[in-house]
file work37.pdb (PDB, C-alpha atoms)
ATOM      1  CA  MET A  86      54.556 -63.440 193.957
ATOM      2  CA  VAL A  87      53.592 -60.033 195.348
ATOM      3  CA  SER A  88      55.832 -58.817 198.166
ATOM      4  CA  PRO A  89      54.199 -57.345 201.266
ATOM      5  CA  GLY A  90      54.712 -53.625 201.700
ATOM      6  CA  ILE A  91      53.292 -50.228 202.577
ATOM      7  CA  LEU A  92      52.454 -47.942 199.661
ATOM      8  CA  LEU A  93      51.907 -44.193 199.992
ATOM      9  CA  VAL A  94      49.354 -42.801 197.540
ATOM     10  CA  ASP A  95      48.351 -39.195 196.853
ATOM     11  CA  LYS A  96      44.592 -39.493 196.357
ATOM     12  CA  PRO A  97      42.995 -37.056 193.894
ATOM     13  CA  ALA A  98      39.639 -35.417 194.485
ATOM     14  CA  GLY A  99      36.519 -37.166 193.256
ATOM     15  CA  LEU A 100      37.525 -40.715 194.169
ATOM     16  CA  THR A 101      36.736 -42.707 197.287
ATOM     17  CA  SER A 102      39.416 -44.425 199.332
ATOM     18  CA  HIS A 103      37.890 -47.712 198.153
ATOM     19  CA  ASP A 104      38.468 -46.602 194.538
ATOM     20  CA  VAL A 105      42.172 -46.176 195.329
ATOM     21  CA  VAL A 106      42.287 -49.627 196.936
ATOM     22  CA  ALA A 107      40.669 -51.116 193.817
ATOM     23  CA  ARG A 108      43.225 -49.413 191.551
ATOM     24  CA  THR A 109      46.049 -50.684 193.770
ATOM     25  CA  ARG A 110      44.706 -54.246 193.595
ATOM     26  CA  ARG A 111      44.816 -54.120 189.811
ATOM     27  CA  ALA A 112      48.251 -52.498 189.692
ATOM     28  CA  PHE A 113      49.820 -55.016 192.069
ATOM     29  CA  GLY A 114      47.830 -58.056 190.988
ATOM     30  CA  THR A 115      46.495 -58.975 194.412
ATOM     31  CA  ARG A 116      43.210 -58.780 196.289
ATOM     32  CA  LYS A 117      44.881 -58.351 199.666
ATOM     33  CA  VAL A 118      45.001 -54.557 199.902
ATOM     34  CA  GLY A 119      43.703 -52.196 202.596
ATOM     35  CA  HIS A 120      44.176 -48.635 203.829
ATOM     36  CA  ALA A 121      44.830 -46.892 207.140
ATOM     37  CA  GLY A 122      42.141 -44.234 207.324
ATOM     38  CA  THR A 123      39.465 -43.057 204.903
ATOM     39  CA  LEU A 124      39.509 -39.791 202.963
ATOM     40  CA  ASP A 125      36.230 -38.318 201.720
ATOM     41  CA  PRO A 126      35.812 -38.096 197.922
ATOM     42  CA  MET A 127      36.271 -34.286 197.993
ATOM     43  CA  ALA A 128      39.540 -34.637 199.920
ATOM     44  CA  THR A 129      42.983 -35.172 198.453
ATOM     45  CA  GLY A 130      46.249 -36.339 199.891
ATOM     46  CA  LEU A 131      47.886 -39.160 201.721
ATOM     47  CA  LEU A 132      46.453 -42.648 201.856
ATOM     48  CA  VAL A 133      48.613 -45.274 203.553
ATOM     49  CA  ILE A 134      48.003 -48.536 201.715
ATOM     50  CA  GLY A 135      48.917 -52.013 202.954
ATOM     51  CA  ILE A 136      49.670 -54.786 200.453
ATOM     52  CA  GLU A 137      49.590 -58.520 201.193
ATOM     53  CA  GLY A 138      50.827 -59.345 204.708
ATOM     54  CA  ALA A 139      51.591 -55.693 205.425
ATOM     55  CA  THR A 140      47.846 -55.109 205.799
ATOM     56  CA  ARG A 141      48.371 -56.462 209.319
ATOM     57  CA  LEU A 142      50.350 -53.312 210.112
ATOM     58  CA  LEU A 143      47.502 -50.955 209.264
ATOM     59  CA  THR A 144      45.897 -51.278 212.688
ATOM     60  CA  TYR A 145      49.091 -49.790 214.187
ATOM     61  CA  ILE A 146      49.144 -46.908 211.690
ATOM     62  CA  VAL A 147      45.493 -45.837 211.649
ATOM     63  CA  GLY A 148      45.694 -44.280 215.119
ATOM     64  CA  ALA A 149      48.632 -41.994 214.301
ATOM     65  CA  ASP A 150      48.345 -38.209 214.469
ATOM     66  CA  LYS A 151      47.595 -36.471 211.190
ATOM     67  CA  THR A 152      48.191 -33.132 209.452
ATOM     68  CA  TYR A 153      45.710 -31.465 207.114
ATOM     69  CA  GLU A 154      45.632 -28.364 204.945
ATOM     70  CA  ALA A 155      42.088 -27.068 204.542
ATOM     71  CA  THR A 156      39.928 -24.148 203.511
ATOM     72  CA  ILE A 157      37.094 -23.109 205.821
ATOM     73  CA  ARG A 158      34.325 -20.923 204.403
ATOM     74  CA  LEU A 159      32.659 -18.700 206.986
ATOM     75  CA  GLY A 160      29.193 -17.348 206.259
ATOM     76  CA  GLN A 161      27.386 -20.478 205.073
ATOM     77  CA  THR A 162      26.285 -23.796 206.534
ATOM     78  CA  THR A 163      25.681 -26.905 204.448
ATOM     79  CA  SER A 164      23.890 -30.208 204.934
ATOM     80  CA  THR A 165      27.183 -32.114 205.011
ATOM     81  CA  ASP A 166      29.448 -29.500 206.670
ATOM     82  CA  ASP A 167      31.439 -29.419 203.442
ATOM     83  CA  ALA A 168      31.127 -28.149 199.869
ATOM     84  CA  ASP A 169      29.456 -31.349 198.655
ATOM     85  CA  GLY A 170      26.289 -30.542 200.595
ATOM     86  CA  GLU A 171      23.332 -28.257 200.016
ATOM     87  CA  ILE A 172      23.674 -24.702 201.366
ATOM     88  CA  LEU A 173      21.287 -24.415 204.307
ATOM     89  CA  THR A 174      21.933 -20.911 205.649
ATOM     90  CA  SER A 175      23.788 -17.755 204.671
ATOM     91  CA  ALA A 176      24.804 -15.121 207.204
ATOM     92  CA  ASP A 177      23.080 -11.767 207.004
ATOM     93  CA  THR A 178      24.954  -8.471 207.120
ATOM     94  CA  THR A 179      24.433  -7.800 210.820
ATOM     95  CA  ALA A 180      26.003 -11.130 211.824
ATOM     96  CA  TRP A 181      29.393 -10.139 210.450
ATOM     97  CA  ALA A 182      29.972  -7.441 213.076
ATOM     98  CA  GLU A 183      31.492 -10.025 215.425
ATOM     99  CA  VAL A 184      33.776 -11.579 212.792
ATOM    100  CA  THR A 185      36.937  -9.598 213.493
ATOM    101  CA  GLU A 186      40.524 -10.793 213.276
ATOM    102  CA  GLY A 187      40.479 -11.085 217.053
ATOM    103  CA  GLY A 188      37.185 -12.944 216.982
ATOM    104  CA  ILE A 189      38.482 -15.471 214.481
ATOM    105  CA  ALA A 190      41.673 -15.953 216.493
ATOM    106  CA  ALA A 191      39.645 -16.521 219.667
ATOM    107  CA  GLY A 192      37.392 -19.001 217.884
ATOM    108  CA  VAL A 193      40.393 -20.931 216.593
ATOM    109  CA  ALA A 194      41.946 -20.938 220.077
ATOM    110  CA  GLU A 195      38.761 -22.441 221.559
ATOM    111  CA  LEU A 196      39.048 -25.323 219.103
ATOM    112  CA  THR A 197      42.729 -25.976 219.847
ATOM    113  CA  GLY A 198      43.993 -28.425 222.445
ATOM    114  CA  ALA A 199      41.924 -31.167 224.059
ATOM    115  CA  ILE A 200      38.340 -30.625 222.895
ATOM    116  CA  SER A 201      35.042 -32.474 222.725
ATOM    117  CA  GLN A 202      33.791 -32.728 219.148
ATOM    118  CA  VAL A 203      30.537 -33.956 217.610
ATOM    119  CA  PRO A 204      31.316 -35.659 214.270
ATOM    120  CA  SER A 205      29.366 -34.680 211.185
ATOM    121  CA  SER A 206      26.183 -36.699 210.735
ATOM    122  CA  VAL A 207      27.397 -37.747 207.273
ATOM    123  CA  SER A 208      30.583 -39.323 208.604
ATOM    124  CA  ALA A 209      31.539 -42.975 208.139
ATOM    125  CA  ILE A 210      30.964 -43.749 211.817
ATOM    126  CA  LYS A 211      28.755 -46.803 212.282
ATOM    127  CA  VAL A 212      25.460 -46.472 214.153
ATOM    128  CA  ASP A 213      23.958 -49.864 215.010
ATOM    129  CA  GLY A 214      25.981 -51.482 212.248
ATOM    130  CA  ARG A 215      25.244 -48.935 209.511
ATOM    131  CA  ARG A 216      27.315 -45.957 208.380
ATOM    132  CA  ALA A 217      25.939 -42.646 209.608
ATOM    133  CA  TYR A 218      25.932 -41.209 206.083
ATOM    134  CA  ASP A 219      23.804 -44.126 204.841
ATOM    135  CA  ARG A 220      21.242 -43.413 207.558
ATOM    136  CA  VAL A 221      21.174 -39.713 206.640
ATOM    137  CA  ARG A 222      20.678 -40.542 202.954
ATOM    138  CA  ALA A 223      17.795 -42.800 203.973
ATOM    139  CA  GLY A 224      16.099 -39.806 205.589
ATOM    140  CA  GLU A 225      16.966 -40.555 209.198
ATOM    141  CA  ASP A 226      17.845 -37.808 211.675
ATOM    142  CA  VAL A 227      21.297 -38.790 212.950
ATOM    143  CA  VAL A 228      23.030 -37.100 215.892
ATOM    144  CA  LEU A 229      26.362 -38.650 216.819
ATOM    145  CA  ALA A 230      27.859 -38.670 220.298
ATOM    146  CA  ALA A 231      30.628 -36.227 221.115
ATOM    147  CA  ARG A 232      34.160 -37.604 221.282
ATOM    148  CA  ASP A 233      37.343 -36.323 222.872
ATOM    149  CA  VAL A 234      40.050 -35.373 220.390
ATOM    150  CA  THR A 235      43.215 -33.296 220.463
ATOM    151  CA  VAL A 236      43.980 -30.481 218.038
ATOM    152  CA  SER A 237      47.650 -29.723 218.633
ATOM    153  CA  ARG A 238      47.887 -27.087 215.904
ATOM    154  CA  PHE A 239      45.227 -24.932 214.247
ATOM    155  CA  ASP A 240      46.851 -22.107 212.273
ATOM    156  CA  VAL A 241      45.221 -19.647 209.877
ATOM    157  CA  ARG A 242      47.611 -19.132 206.976
ATOM    158  CA  ALA A 243      45.572 -16.846 204.753
ATOM    159  CA  ARG A 244      42.219 -15.024 204.630
ATOM    160  CA  ARG A 245      40.214 -14.090 201.554
ATOM    161  CA  ASP A 246      37.086 -11.950 201.813
ATOM    162  CA  GLY A 247      34.411 -12.705 199.228
ATOM    163  CA  ASP A 248      30.794 -11.810 198.544
ATOM    164  CA  GLY A 249      29.129 -12.589 201.857
ATOM    165  CA  VAL A 250      31.774 -15.147 202.846
ATOM    166  CA  ILE A 251      35.283 -15.312 204.259
ATOM    167  CA  ASP A 252      37.627 -18.133 203.256
ATOM    168  CA  LEU A 253      40.342 -19.178 205.683
ATOM    169  CA  ASP A 254      43.257 -21.377 204.611
ATOM    170  CA  VAL A 255      44.305 -23.368 207.659
ATOM    171  CA  VAL A 256      46.731 -26.057 208.794
ATOM    172  CA  VAL A 257      45.541 -28.555 211.401
ATOM    173  CA  GLU A 258      47.570 -31.154 213.286
ATOM    174  CA  CYS A 259      45.337 -33.465 215.266
ATOM    175  CA  SER A 260      44.767 -36.831 216.843
ATOM    176  CA  SER A 261      43.195 -39.675 214.922
ATOM    177  CA  GLY A 262      39.411 -39.400 214.821
ATOM    178  CA  THR A 263      39.315 -35.609 214.516
ATOM    179  CA  TYR A 264      36.888 -34.305 211.877
ATOM    180  CA  ILE A 265      38.092 -31.191 210.056
ATOM    181  CA  ARG A 266      34.550 -30.653 208.742
ATOM    182  CA  SER A 267      33.409 -30.406 212.342
ATOM    183  CA  LEU A 268      36.098 -27.822 213.109
ATOM    184  CA  ALA A 269      34.833 -25.741 210.188
ATOM    185  CA  ARG A 270      31.227 -26.101 211.346
ATOM    186  CA  ASP A 271      32.036 -25.275 214.959
ATOM    187  CA  LEU A 272      34.260 -22.295 214.125
ATOM    188  CA  GLY A 273      31.464 -20.780 212.034
ATOM    189  CA  ALA A 274      28.862 -21.525 214.690
ATOM    190  CA  GLY A 275      30.970 -19.895 217.391
ATOM    191  CA  LEU A 276      31.335 -16.769 215.275
ATOM    192  CA  GLY A 277      27.594 -16.665 214.600
ATOM    193  CA  VAL A 278      27.846 -16.853 210.804
ATOM    194  CA  GLY A 279      28.067 -20.579 210.131
ATOM    195  CA  GLY A 280      30.851 -22.403 208.376
ATOM    196  CA  HIS A 281      31.767 -25.380 206.262
ATOM    197  CA  LEU A 282      34.772 -26.979 204.587
ATOM    198  CA  THR A 283      35.521 -26.240 200.929
ATOM    199  CA  ALA A 284      38.880 -28.000 200.524
ATOM    200  CA  LEU A 285      40.813 -30.657 202.443
ATOM    201  CA  ARG A 286      44.215 -32.237 201.892
ATOM    202  CA  ARG A 287      45.898 -34.725 204.208
ATOM    203  CA  THR A 288      49.650 -34.207 204.155
ATOM    204  CA  ARG A 289      50.865 -36.466 206.972
ATOM    205  CA  VAL A 290      49.930 -39.651 208.834
ATOM    206  CA  GLY A 291      52.356 -40.227 211.691
ATOM    207  CA  ASP A 292      55.819 -40.263 210.080
ATOM    208  CA  PHE A 293      54.415 -40.908 206.590
ATOM    209  CA  ASP A 294      54.386 -37.797 204.368
ATOM    210  CA  VAL A 295      52.485 -37.057 201.169
ATOM    211  CA  ALA A 296      55.742 -35.772 199.645
ATOM    212  CA  ASP A 297      56.799 -39.420 199.382
ATOM    213  CA  ALA A 298      53.506 -40.586 197.846
ATOM    214  CA  VAL A 299      52.824 -41.615 194.245
ATOM    215  CA  GLY A 300      49.906 -40.607 192.068
ATOM    216  CA  LEU A 301      47.310 -43.011 190.679
ATOM    217  CA  ASP A 302      48.981 -43.009 187.274
ATOM    218  CA  ASP A 303      52.204 -44.307 188.808
ATOM    219  CA  LEU A 304      50.904 -47.281 190.786
ATOM    220  CA  VAL A 305      52.348 -49.982 188.533
ATOM    221  CA  GLY A 306      55.855 -50.680 189.764
ATOM    222  CA  ALA A 307      55.582 -48.066 192.497
ATOM    223  CA  PRO A 308      58.108 -48.416 195.323
ATOM    224  CA  THR A 309      56.851 -49.636 198.681
ATOM    225  CA  LEU A 310      58.221 -49.631 202.190
ATOM    226  CA  THR A 311      59.060 -53.056 203.543
ATOM    227  CA  PRO A 312      57.052 -54.105 206.595
ATOM    228  CA  ALA A 313      60.155 -53.572 208.764
ATOM    229  CA  GLN A 314      60.718 -50.065 207.357
ATOM    230  CA  ALA A 315      57.073 -49.126 207.846
ATOM    231  CA  ALA A 316      56.874 -50.576 211.348
ATOM    232  CA  GLY A 317      59.965 -48.599 212.312
ATOM    233  CA  ARG A 318      58.083 -45.381 211.558
ATOM    234  CA  VAL A 319      55.336 -46.094 214.056
ATOM    235  CA  LEU A 320      57.012 -48.232 216.736
ATOM    236  CA  PRO A 321      60.446 -48.786 218.308
ATOM    237  CA  ILE A 322      62.513 -51.489 216.603
ATOM    238  CA  MET A 323      63.645 -54.486 218.650
ATOM    239  CA  ASP A 324      66.283 -56.673 217.027
ATOM    240  CA  VAL A 325      65.780 -60.369 217.811
ATOM    241  CA  SER A 326      67.956 -63.408 217.272
ATOM    242  CA  ALA A 327      67.069 -66.182 214.872
ATOM    243  CA  ALA A 328      66.071 -68.378 217.809
ATOM    244  CA  ASP A 329      63.840 -65.682 219.342
ATOM    245  CA  ALA A 330      62.292 -64.949 215.942
ATOM    246  CA  ARG A 331      61.471 -68.641 215.530
ATOM    247  CA  ASP A 332      59.891 -68.795 218.991
ATOM    248  CA  LEU A 333      57.781 -65.695 218.367
ATOM    249  CA  ARG A 334      56.570 -67.049 215.046
ATOM    250  CA  HIS A 335      55.566 -70.276 216.790
ATOM    251  CA  GLY A 336      53.583 -68.378 219.420
ATOM    252  CA  LYS A 337      56.098 -68.876 222.218
ATOM    253  CA  ARG A 338      56.915 -66.235 224.794
ATOM    254  CA  LEU A 339      60.401 -64.817 225.274
ATOM    255  CA  ALA A 340      60.876 -65.483 228.969
ATOM    256  CA  GLY A 341      62.177 -62.630 231.109
ATOM    257  CA  LYS A 342      62.701 -60.267 228.175
ATOM    258  CA  ALA A 343      59.993 -57.686 228.928
ATOM    259  CA  VAL A 344      62.780 -55.480 230.346
ATOM    260  CA  LEU A 345      63.938 -54.923 226.751
ATOM    261  CA  LEU A 346      60.677 -53.162 225.898
ATOM    262  CA  GLU A 347      60.590 -49.428 226.698
ATOM    263  CA  GLY A 348      57.013 -48.753 225.647
ATOM    264  CA  SER A 349      53.954 -50.955 225.393
ATOM    265  CA  LEU A 350      54.774 -52.322 221.929
ATOM    266  CA  ALA A 351      57.771 -52.821 219.644
ATOM    267  CA  ALA A 352      58.461 -54.122 216.147
ATOM    268  CA  ALA A 353      60.533 -57.296 216.323
ATOM    269  CA  VAL A 354      62.986 -57.539 213.402
ATOM    270  CA  ASP A 355      65.088 -60.646 212.742
ATOM    271  CA  GLU A 356      68.715 -60.961 211.662
ATOM    272  CA  GLU A 357      67.672 -60.872 207.995
ATOM    273  CA  GLY A 358      65.954 -57.516 208.443
ATOM    274  CA  GLU A 359      62.482 -59.041 208.170
ATOM    275  CA  LEU A 360      59.638 -57.952 210.430
ATOM    276  CA  VAL A 361      58.705 -60.884 212.647
ATOM    277  CA  GLY A 362      55.756 -59.096 214.186
ATOM    278  CA  ILE A 363      54.678 -56.732 216.942
ATOM    279  CA  VAL A 364      55.568 -57.753 220.494
ATOM    280  CA  GLU A 365      54.044 -56.742 223.832
ATOM    281  CA  ARG A 366      54.638 -57.339 227.529
ATOM    282  CA  ARG A 367      53.062 -60.242 229.366
ATOM    283  CA  GLY A 368      54.352 -59.966 232.903
ATOM    284  CA  ALA A 369      58.117 -60.437 232.726
ATOM    285  CA  ASP A 370      57.863 -62.017 229.271
ATOM    286  CA  LEU A 371      57.421 -60.822 225.706
ATOM    287  CA  LYS A 372      54.862 -62.299 223.353
ATOM    288  CA  SER A 373      53.571 -61.552 219.869
ATOM    289  CA  ALA A 374      50.604 -59.219 219.573
ATOM    290  CA  MET A 375      50.742 -59.746 215.803
ATOM    291  CA  ASN A 376      52.873 -62.027 213.642
ATOM    292  CA  MET A 377      53.741 -61.352 210.026
ATOM    293  CA  PRO A 378      53.484 -64.151 207.471
ATOM    294  CA  GLU A 379      56.933 -65.737 207.242
ATOM    295  CA  VAL A 380      58.856 -64.848 204.112
ATOM    296  CA  ALA A 381      59.908 -67.857 202.051
ATOM    297  CA  ARG A 382      63.659 -67.961 201.472
TER     298      ARG A 382
END
call {"tool": "encode", "arguments": {"input": "work37.pdb", "output": "C-alpha cells"}}
result
Amino acid sequence: MVSPGILLVDKPAGLTSHDVVARTRRAFGTRKVGHAGTLDPMATGLLVIGIEGATRLLTYIVGADKTYEATIRLGQTTSTDDADGEILTSADTTAWAEVTEGGIAAGVAELTGAISQVPSSVSAIKVDGRRAYDRVRAGEDVVLAARDVTVSRFDVRARRDGDGVIDLDVVVECSSGTYIRSLARDLGAGLGVGGHLTALRRTRVGDFDVADAVGLDDLVGAPTLTPAQAAGRVLPIMDVSAADARDLRHGKRLAGKAVLLEGSLAAAVDEEGELVGIVERRGADLKSAMNMPEVAR
C-alpha cells in the first residue's frame, strides 16, 4: 500500500510537469499523483508532487509565493517570450543608447512591488475552456487580461554583453500567478529593445526548497514528507484530541473552538501525529474545510 506524502522533485529541462507526474506514478506504483504548479518544458527546478491522499493538500500549496533564478535576454523579442519561440525582432544600434545601468535599474524597479501584468499568450491559462497556448498554436490571436501580482524581489545578479544582446541573470521572488516570461518581455519593452527569457529555474515554493528535492533518476524509494509535515510548512498546526479528530472526520463541528484558530485556516493533527485535515472558522465553531483519508491502523 502506497503511503500518502509530498515529494519534492527537481525537474530537468525538456520535460513537461505531466511527464514528471507520469514518472512518479510508475516509481510509486499509483495513479493518484498530482503537482502544485506547472513548470514549462524549458524550465528546471522545484515541482511539489502530491501522492495518494496528500494530493488533497496541493490546493493549499499552489498559491504559495515562489522564488526563481532566470536569465533575461535584452535586444530580442520572440513569439513565446522565451527561447523556445521564433525571434520576431532584434534591436538596432540606435535603440541601445537608453540601455544604461541606470536605465536597467529603473526598469527593474518599475516591475517590482504590486504590479499589473499581462500573461504571455502561450501560457497555460484557460480561455473559454481551452489553454491559451493551444489557441495560439491553432492560429488564433490571443490577448489575455492583465492580472495583479506582487514581485517582492527582482535583483540583477550579473550582466553579460553579447553581440547585439545583453543577458541579465536575475533572482525573482513573487506571488503565485506571476509570469517570469512576462517580466522579461516587459523589461525589454520598457527599455525599447525588447526582451525574452532564456533560462528559468524555480528554487522555492513557499517553505519547500529545491535543495531538498530529488532528481528523476532517484524517484524509486525517494523520501516524502508526511501530510502532517507538509501541511505544517504552509499552515499553522492545531493539535486535536482523539475525540475532536473523530468528530472532524465525521463532518461534525467543534463547538466554540474557533477561538483556537489565529488565522483563517489551520492543519488539524491528531494525537498519533496524523493530519486529520484542514479546519476553518464557522461562526464560533471549527469545521473541516478538507479531510484526509483516514489511515488504517
call {"tool": "resolve_selection", "arguments": {"input": "work37.pdb", "expression": "the PyMOL selection byres ((chain A and resi 301-316) around 6)", "output": "MDAnalysis selection string"}}
result
chainID A and resid 90:92 112 139 300 317:320 359:360
call {"tool": "atom_distance", "arguments": {"input": "work37.pdb", "atom1": "atom CA of A:Ala98", "atom2": "atom CA of A:His281"}}
result
17.4 Å
call {"tool": "resolve_selection", "arguments": {"input": "work37.pdb", "expression": "the PyMOL selection byres ((chain A and resi 148) around 9)", "output": "VMD selection string"}}
result
chain A and resid 121 to 122 144 to 147 149 to 151 260 to 262 290 to 291
call {"tool": "write_last_selection", "arguments": {"input": "work37.pdb", "atoms": "C-alpha atoms", "output": "PDB file, in the frame of the given file"}}
result
ATOM      1  CA  ALA A 121      44.830 -46.892 207.140  1.00  0.00           C
ATOM      2  CA  GLY A 122      42.141 -44.234 207.324  1.00  0.00           C
ATOM      3  CA  THR A 144      45.897 -51.278 212.688  1.00  0.00           C
ATOM      4  CA  TYR A 145      49.091 -49.790 214.187  1.00  0.00           C
ATOM      5  CA  ILE A 146      49.144 -46.908 211.690  1.00  0.00           C
ATOM      6  CA  VAL A 147      45.493 -45.837 211.649  1.00  0.00           C
ATOM      7  CA  ALA A 149      48.632 -41.994 214.301  1.00  0.00           C
ATOM      8  CA  ASP A 150      48.345 -38.209 214.469  1.00  0.00           C
ATOM      9  CA  LYS A 151      47.595 -36.471 211.190  1.00  0.00           C
ATOM     10  CA  SER A 260      44.767 -36.831 216.843  1.00  0.00           C
ATOM     11  CA  SER A 261      43.195 -39.675 214.922  1.00  0.00           C
ATOM     12  CA  GLY A 262      39.411 -39.400 214.821  1.00  0.00           C
ATOM     13  CA  VAL A 290      49.930 -39.651 208.834  1.00  0.00           C
ATOM     14  CA  GLY A 291      52.356 -40.227 211.691  1.00  0.00           C
TER      15      GLY A 291
END
call {"tool": "closest_residue", "arguments": {"input": "work37.pdb", "among": "A:Asp271, A:Tyr153, A:Ser326, A:Cys259", "to": "A:Val203", "atoms": "all atoms listed in the file"}}
result
A:Asp271
call {"tool": "resolve_selection", "arguments": {"input": "work37.pdb", "expression": "the PyMOL selection byres ((chain A and resi 126-137) around 8)", "output": "compact mmCIF listing (two decimals) with C-alpha atoms, in the frame of the given file"}}
result
# COMPACT_ATOMS: atom_id res chain seq x y z
CA VAL A 87 53.59 -60.03 195.35
CA SER A 88 55.83 -58.82 198.17
CA PRO A 89 54.20 -57.34 201.27
CA GLY A 90 54.71 -53.62 201.70
CA ILE A 91 53.29 -50.23 202.58
CA LEU A 92 52.45 -47.94 199.66
CA LEU A 93 51.91 -44.19 199.99
CA VAL A 94 49.35 -42.80 197.54
CA ASP A 95 48.35 -39.20 196.85
CA LYS A 96 44.59 -39.49 196.36
CA PRO A 97 43.00 -37.06 193.89
CA ALA A 98 39.64 -35.42 194.48
CA GLY A 99 36.52 -37.17 193.26
CA LEU A 100 37.52 -40.72 194.17
CA THR A 101 36.74 -42.71 197.29
CA SER A 102 39.42 -44.42 199.33
CA VAL A 106 42.29 -49.63 196.94
CA THR A 115 46.50 -58.98 194.41
CA LYS A 117 44.88 -58.35 199.67
CA VAL A 118 45.00 -54.56 199.90
CA GLY A 119 43.70 -52.20 202.60
CA HIS A 120 44.18 -48.64 203.83
CA ALA A 121 44.83 -46.89 207.14
CA GLY A 122 42.14 -44.23 207.32
CA THR A 123 39.47 -43.06 204.90
CA LEU A 124 39.51 -39.79 202.96
CA ASP A 125 36.23 -38.32 201.72
CA GLY A 138 50.83 -59.34 204.71
CA ALA A 139 51.59 -55.69 205.42
CA THR A 140 47.85 -55.11 205.80
CA ARG A 141 48.37 -56.46 209.32
CA LEU A 142 50.35 -53.31 210.11
CA LEU A 143 47.50 -50.96 209.26
CA ASP A 169 29.46 -31.35 198.66
CA ALA A 284 38.88 -28.00 200.52
CA LEU A 285 40.81 -30.66 202.44
CA ARG A 286 44.22 -32.24 201.89
CA ARG A 287 45.90 -34.72 204.21
CA THR A 288 49.65 -34.21 204.16
CA ARG A 289 50.86 -36.47 206.97
CA VAL A 290 49.93 -39.65 208.83
CA PHE A 293 54.42 -40.91 206.59
CA ASP A 294 54.39 -37.80 204.37
CA VAL A 295 52.48 -37.06 201.17
CA ALA A 298 53.51 -40.59 197.85
call {"tool": "residues_around", "arguments": {"input": "work37.pdb", "residues": "stretch 231-247 of chain A", "least_positions_apart": "6", "cutoff": "10 Å", "atoms": "all atoms listed in the file", "output": "number ranges by chain"}}
result
A: 150-160, 186, 189-190, 193-194, 196-204, 253-265, 268
call {"tool": "residues_around", "arguments": {"input": "work37.pdb", "residues": "A:Thr178", "least_positions_apart": "4", "cutoff": "10 Å", "atoms": "all atoms listed in the file", "output": "mmCIF file with C-alpha atoms, in the frame of the given file"}}
result
data_model
loop_
_atom_site.group_PDB
_atom_site.id
_atom_site.type_symbol
_atom_site.label_atom_id
_atom_site.label_comp_id
_atom_site.auth_asym_id
_atom_site.auth_seq_id
_atom_site.Cartn_x
_atom_site.Cartn_y
_atom_site.Cartn_z
ATOM 1 C CA GLY A 160 29.193 -17.348 206.259
ATOM 2 C CA ALA A 182 29.972 -7.441 213.076
ATOM 3 C CA GLY A 249 29.129 -12.589 201.857
ATOM 4 C CA VAL A 278 27.846 -16.853 210.804
#
call {"tool": "atom_distance", "arguments": {"input": "work37.pdb", "atom1": "atom CA of A:Leu346", "atom2": "atom CA of A:Pro378"}}
result
22.6 Å
call {"tool": "closest_residue", "arguments": {"input": "work37.pdb", "among": "A:Gly275, A:Arg366, A:Leu371, A:Ile322", "to": "A:Arg338", "atoms": "all atoms listed in the file"}}
result
A:Leu371
call {"tool": "residues_near_point", "arguments": {"input": "work37.pdb", "point": "(61.1, -67.3, 209.0)", "cutoff": "12 Å", "atoms": "all atoms listed in the file", "output": "list in words"}}
result
Ser326, Ala327, Ala328, Asp329, Ala330, Arg331, Asp332, Leu333, Arg334, His335, Val354, Asp355, Glu356, Glu357, Gly358, Glu359, Leu360, Val361, Gly362, Asn376, Met377, Pro378, Glu379, Val380, Ala381 and Arg382 of chain A
call {"tool": "closest_residue", "arguments": {"input": "work37.pdb", "among": "A:Val344, A:Val325, A:Leu229, A:Ala274", "to": "A:Gln161", "atoms": "all atoms listed in the file"}}
result
A:Ala274
call {"tool": "closest_residue", "arguments": {"input": "work37.pdb", "among": "A:Thr165, A:Thr109, A:Leu276, A:Glu183", "to": "A:Glu195", "atoms": "all atoms listed in the file"}}
result
A:Leu276
call {"tool": "atom_distance", "arguments": {"input": "work37.pdb", "atom1": "atom CA of A:Arg108", "atom2": "atom CA of A:Asp166"}}
result
28.5 Å
